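Source file: coords_4.tsv (TSV, C-alpha atoms)
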```tsv
chain	number	residue	atom	x	y	z
A	1	MET	CA	26.71	11.23	5.73
A	2	LYS	CA	23.73	9.67	3.99
A	3	GLN	CA	22.52	11.16	0.73
A	4	HIS	CA	18.81	12.07	0.60
A	5	ARG	CA	16.97	10.72	-2.40
A	6	PHE	CA	14.55	12.87	-4.37
A	7	LEU	CA	11.59	11.67	-6.41
A	8	SER	CA	11.59	12.55	-10.08
A	9	SER	CA	8.64	14.56	-11.35
A	10	SER	CA	7.18	11.45	-12.99
A	11	ALA	CA	7.45	9.48	-9.77
A	12	LEU	CA	5.71	12.28	-7.91
A	13	VAL	CA	2.84	12.20	-10.39
A	14	ALA	CA	2.54	8.44	-9.90
A	15	LEU	CA	2.45	8.97	-6.14
A	16	ALA	CA	-0.31	11.56	-6.45
A	17	VAL	CA	-2.38	9.19	-8.59
A	18	VAL	CA	-1.86	6.04	-6.54
A	19	SER	CA	-1.92	7.49	-3.06
A	20	GLY	CA	-4.27	10.40	-3.59
A	21	PHE	CA	-1.81	13.00	-2.33
A	22	ALA	CA	-2.03	16.56	-3.62
A	23	ALA	CA	1.50	17.34	-4.74
A	24	GLN	CA	2.63	20.95	-4.73
A	25	ALA	CA	5.39	22.67	-6.64
A	26	ALA	CA	7.89	22.45	-3.79
A	27	PRO	CA	10.65	19.82	-4.05
A	28	PRO	CA	9.03	16.50	-3.09
A	29	TRP	CA	9.87	14.47	0.01
A	30	ARG	CA	12.80	16.63	1.03
A	31	HIS	CA	14.10	15.86	4.50
A	32	GLY	CA	12.87	18.51	6.89
A	33	ALA	CA	9.95	19.67	4.72
A	34	PRO	CA	7.52	16.75	4.40
A	35	GLU	CA	4.46	19.01	4.74
A	36	SER	CA	5.31	20.53	1.36
A	37	THR	CA	3.85	17.49	-0.39
A	38	VAL	CA	1.52	15.81	2.12
A	39	ASN	CA	-1.42	17.45	3.81
A	40	VAL	CA	-1.43	16.04	7.34
A	41	SER	CA	-3.55	18.83	8.81
A	42	THR	CA	-6.56	16.53	9.21
A	43	TYR	CA	-4.57	13.87	11.10
A	44	PRO	CA	-4.64	13.74	14.92
A	45	PRO	CA	-1.70	15.66	16.49
A	46	ASP	CA	0.13	12.49	17.53
A	47	ILE	CA	-0.15	11.10	13.99
A	48	GLN	CA	1.10	14.39	12.54
A	49	HIS	CA	4.16	14.04	14.77
A	50	ALA	CA	4.55	10.40	13.77
A	51	PHE	CA	4.41	11.43	10.11
A	52	ARG	CA	7.25	13.91	10.59
A	53	VAL	CA	9.40	11.24	12.20
A	54	PHE	CA	8.57	8.84	9.36
A	55	ALA	CA	9.34	11.45	6.67
A	56	GLY	CA	12.58	12.54	8.30
A	57	LYS	CA	14.00	9.12	9.10
A	58	CYS	CA	12.79	6.97	6.22
A	59	SER	CA	13.64	9.47	3.47
A	60	GLU	CA	17.31	9.13	4.43
A	61	CYS	CA	17.48	5.80	2.61
A	62	HIS	CA	14.59	5.59	0.15
A	63	ALA	CA	11.70	7.44	-1.47
A	64	LEU	CA	8.72	7.50	0.87
A	65	PHE	CA	6.22	6.29	-1.72
A	66	LEU	CA	7.91	2.87	-1.49
A	67	SER	CA	6.38	2.55	1.98
A	68	LEU	CA	3.13	4.42	1.35
A	69	ASN	CA	2.15	2.24	-1.60
A	70	VAL	CA	2.39	-0.95	0.47
A	71	SER	CA	-0.31	-2.35	2.75
A	72	ARG	CA	0.43	-4.35	5.90
A	73	SER	CA	-1.24	-5.22	9.16
A	74	GLU	CA	-0.21	-3.25	12.25
A	75	ALA	CA	1.96	-6.18	13.35
A	76	GLY	CA	3.41	-6.38	9.85
A	77	TRP	CA	4.43	-2.71	9.93
A	78	LYS	CA	6.08	-3.13	13.32
A	79	GLN	CA	8.08	-6.06	12.01
A	80	GLU	CA	9.09	-4.20	8.85
A	81	VAL	CA	10.20	-1.06	10.71
A	82	ARG	CA	12.20	-3.17	13.17
A	83	ARG	CA	13.92	-4.74	10.18
A	84	MET	CA	14.81	-1.27	8.92
A	85	GLU	CA	16.05	-0.33	12.39
A	86	ASP	CA	18.44	-3.29	12.39
A	87	MET	CA	20.13	-2.22	9.15
A	88	ALA	CA	23.67	-0.89	9.59
A	89	SER	CA	22.86	2.37	7.81
A	90	SER	CA	19.78	3.08	9.94
A	91	HIS	CA	19.43	6.10	12.25
A	92	ILE	CA	16.21	4.70	13.71
A	93	ASP	CA	16.08	3.83	17.42
A	94	ASP	CA	13.41	1.86	19.29
A	95	ARG	CA	11.36	4.97	20.02
A	96	ASP	CA	11.48	6.09	16.38
A	97	ALA	CA	10.53	2.60	15.21
A	98	GLY	CA	7.40	2.57	17.33
A	99	THR	CA	6.42	6.05	16.14
A	100	ILE	CA	7.01	5.23	12.47
A	101	ALA	CA	5.03	1.99	12.68
A	102	LYS	CA	2.21	3.91	14.35
A	103	PHE	CA	1.99	6.36	11.45
A	104	LEU	CA	2.16	3.66	8.76
A	105	ALA	CA	-0.54	1.58	10.44
A	106	TYR	CA	-2.75	4.68	10.71
A	107	TYR	CA	-2.11	5.75	7.13
A	108	ASP	CA	-2.79	2.23	5.84
A	109	THR	CA	-6.39	2.47	7.08
A	110	HIS	CA	-6.88	6.16	6.20
A	111	LYS	CA	-5.41	6.37	2.70
A	112	PRO	CA	-6.91	9.15	0.57
A	113	GLY	CA	-9.36	7.71	-1.92
A	114	GLU	CA	-9.93	4.58	0.16
A	115	GLN	CA	-12.64	5.89	2.43
A	116	ASN	CA	-15.45	4.04	0.65
A	117	GLY	CA	-16.08	6.83	-1.87
A	118	ALA	CA	-18.72	6.16	-4.51
A	119	GLY	CA	-16.24	5.47	-7.32
A	120	ASN	CA	-14.12	3.22	-5.16
A	121	ALA	CA	-17.15	1.34	-3.82
A	122	GLU	CA	-18.39	0.79	-7.37
A	123	GLY	CA	-15.01	-0.58	-8.44
A	124	MET	CA	-14.92	-2.89	-5.43
A	125	SER	CA	-18.40	-4.18	-6.26
A	126	THR	CA	-17.44	-4.76	-9.88
A	127	GLY	CA	-14.33	-6.62	-8.76
A	128	ARG	CA	-16.39	-8.85	-6.45
A	129	ASP	CA	-18.74	-9.69	-9.31
A	130	LEU	CA	-15.77	-10.51	-11.55
A	131	PHE	CA	-14.35	-12.80	-8.86
A	132	ASP	CA	-17.55	-14.84	-9.21
A	133	LYS	CA	-17.80	-14.49	-13.00
A	134	LEU	CA	-14.24	-15.75	-13.52
A	135	THR	CA	-14.93	-18.67	-11.12
A	136	CYS	CA	-11.96	-17.71	-8.94
A	137	SER	CA	-13.66	-19.54	-6.06
A	138	ALA	CA	-12.86	-22.84	-7.80
A	139	CYS	CA	-9.34	-22.47	-6.41
A	140	HIS	CA	-9.65	-19.68	-3.82
A	141	SER	CA	-11.82	-18.87	-0.83
A	142	ILE	CA	-12.83	-15.62	0.85
A	143	ALA	CA	-14.38	-15.65	4.32
A	144	GLY	CA	-14.71	-19.42	4.09
A	145	ALA	CA	-16.63	-19.38	0.79
A	146	GLY	CA	-14.94	-21.28	-2.05
A	147	ASN	CA	-12.00	-23.65	-2.23
A	148	ASN	CA	-10.10	-23.36	1.05
A	149	SER	CA	-6.89	-24.68	-0.52
A	150	PHE	CA	-5.88	-21.11	-1.40
A	151	PRO	CA	-7.66	-18.60	0.89
A	152	LEU	CA	-7.40	-14.93	-0.06
A	153	ASP	CA	-8.46	-13.41	3.25
A	154	GLY	CA	-6.10	-10.53	4.05
A	155	ILE	CA	-4.37	-10.74	0.66
A	156	GLY	CA	-4.43	-6.94	0.41
A	157	SER	CA	-2.17	-6.77	3.47
A	158	ARG	CA	0.34	-9.20	1.98
A	159	ARG	CA	0.51	-8.09	-1.65
A	160	THR	CA	0.68	-4.69	-3.30
A	161	ALA	CA	-1.69	-3.79	-6.14
A	162	SER	CA	1.13	-4.22	-8.66
A	163	GLU	CA	1.96	-7.67	-7.29
A	164	LEU	CA	-1.69	-8.75	-7.47
A	165	LYS	CA	-1.97	-7.47	-11.02
A	166	GLN	CA	1.21	-9.25	-12.05
A	167	GLN	CA	-0.02	-12.52	-10.55
A	168	ILE	CA	-3.35	-12.27	-12.37
A	169	MET	CA	-1.88	-11.25	-15.73
A	170	SER	CA	1.22	-13.45	-15.67
A	171	PRO	CA	0.77	-16.44	-13.34
A	172	VAL	CA	3.91	-18.22	-12.17
A	173	ALA	CA	4.91	-20.90	-14.67
A	174	GLY	CA	3.88	-24.35	-13.52
A	175	SER	CA	1.29	-23.07	-11.06
A	176	ALA	CA	-2.39	-23.97	-11.19
A	177	MET	CA	-3.27	-20.31	-11.75
A	178	PRO	CA	-4.65	-19.98	-15.30
A	179	ALA	CA	-3.98	-17.02	-17.57
A	180	THR	CA	-6.94	-14.66	-17.65
A	181	ALA	CA	-8.87	-13.41	-20.65
A	182	ALA	CA	-10.25	-10.47	-18.66
A	183	SER	CA	-9.87	-6.96	-20.03
A	184	GLN	CA	-7.51	-4.42	-18.49
A	185	ALA	CA	-10.45	-2.58	-16.89
A	186	GLU	CA	-11.76	-5.84	-15.43
A	187	ILE	CA	-8.35	-6.74	-14.04
A	188	ASP	CA	-8.06	-3.31	-12.43
A	189	SER	CA	-11.45	-3.79	-10.74
A	190	LEU	CA	-10.46	-7.26	-9.57
A	191	VAL	CA	-7.19	-5.92	-8.15
A	192	LEU	CA	-9.11	-3.14	-6.37
A	193	TYR	CA	-11.40	-5.73	-4.78
A	194	LEU	CA	-8.60	-8.08	-3.74
A	195	GLY	CA	-6.48	-5.19	-2.49
A	196	GLY	CA	-9.31	-4.26	-0.15
A	197	LEU	CA	-9.17	-7.66	1.57
A	198	LYS	CA	-6.93	-6.55	4.42
A	199	ASN	CA	-6.15	-7.85	7.86
A	200	ARG	CA	-7.75	-5.68	10.52
```
Rendering of file as structure tokens:
Amino acid sequence: MKQHRFLSSSALVALAVVSGFAAQAAPPWRHGAPESTVNVSTYPPDIQHAFRVFAGKCSECHALFLSLNVSRSEAGWKQEVRRMEDMASSHIDDRDAGTIAKFLAYYDTHKPGEQNGAGNAEGMSTGRDLFDKLTCSACHSIAGAGNNSFPLDGIGSRRTASELKQQIMSPVAGSAMPATAASQAEIDSLVLYLGGLKNR
């Protein structure tokens, strides 16, 4: 029998901050009681059902925030869930896979705190200005503007916020990416902007 994994209290706090979930005092992400930590009452009925399948099946092998903190296109989620389905330890069948991918694709475009709120919009705007200020377009392009050698269209669907931040702060040795002198706040705004460049 598979062992269910539980998030530590610190991991739950991180989830609440990053994903915008309102965590309650009940044990987090326990199989069979996903509603104790995630408010899905505003989701359409079919997405609420899809969430329960996701929470029940995916929590058997890993903490759910590992999936919820990642952004992918709808096709990317289908491919990823199929990969999970093919694992020897998986209890996911074809029907479950389709349902789980449906929830993740929905959630990816309806994440709490990413509905163009004022603070988020301001951060995105600041990040866009920094992209120009730091002359990122000398090596990268967005929507055809800039150097097309390294386009960033859809980068938010291919890289997590932590991966983007790591790339900006510590470029791969030997790459053309220069180290940045931007402040931590500026980097966070730039990551917010780039993370919003998703495939639709």
field: Nearby residues (all atoms listed in the file) at most 8 Å from Leu192 of chain A, same-chain spacing under 3 positions excluded, as a list in words
entry: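 Answer for this query is Gly123, Met124, Gly127, Ala161, Asp188, Ser189, Gly195 and Gly196 of chain A.
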query: Taking into account only C-alpha atoms, which residue in the set A:Leu130, A:Cys139, A:Leu152, A:Ala75 is nearest to Ser175 of chain A?
result: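 Nearest candidate to Ser175 of chain A out of A:Leu130, A:Cys139, A:Leu152, A:Ala75: A:Cys139.
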task: Using atom CA of Lys57 of chain A and atom CA of Asp96 of chain A as the two end points, give the distance in Å to one decimal.
output: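 Value for the atom CA of Lys57 of chain A-atom CA of Asp96 of chain A distance: 8.3 Å.
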task: Go through A:Gln166, A:Thr180, A:Ile92, A:Leu197 and flag the residue nearest Asp153 of chain A, using all atoms listed in the file for the distances.
output: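 Looking at the shortest contact to Asp153 of chain A, the residue is A:Leu197.
The nearest approach to Glu85 of chain A among the residues A:Leu190, A:Ala97, A:Met177, A:Ala143, with only C-alpha atoms taken into account, belongs to A:Ala97.
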task: Could you tell me which of A:Ala55, A:Ala50, A:Val191, A:Cys136 comes closest to Phe150 of chain A if we count only C-alpha atoms?
output: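 Of the candidates, the smallest distance to Phe150 of chain A is held by A:Cys136.
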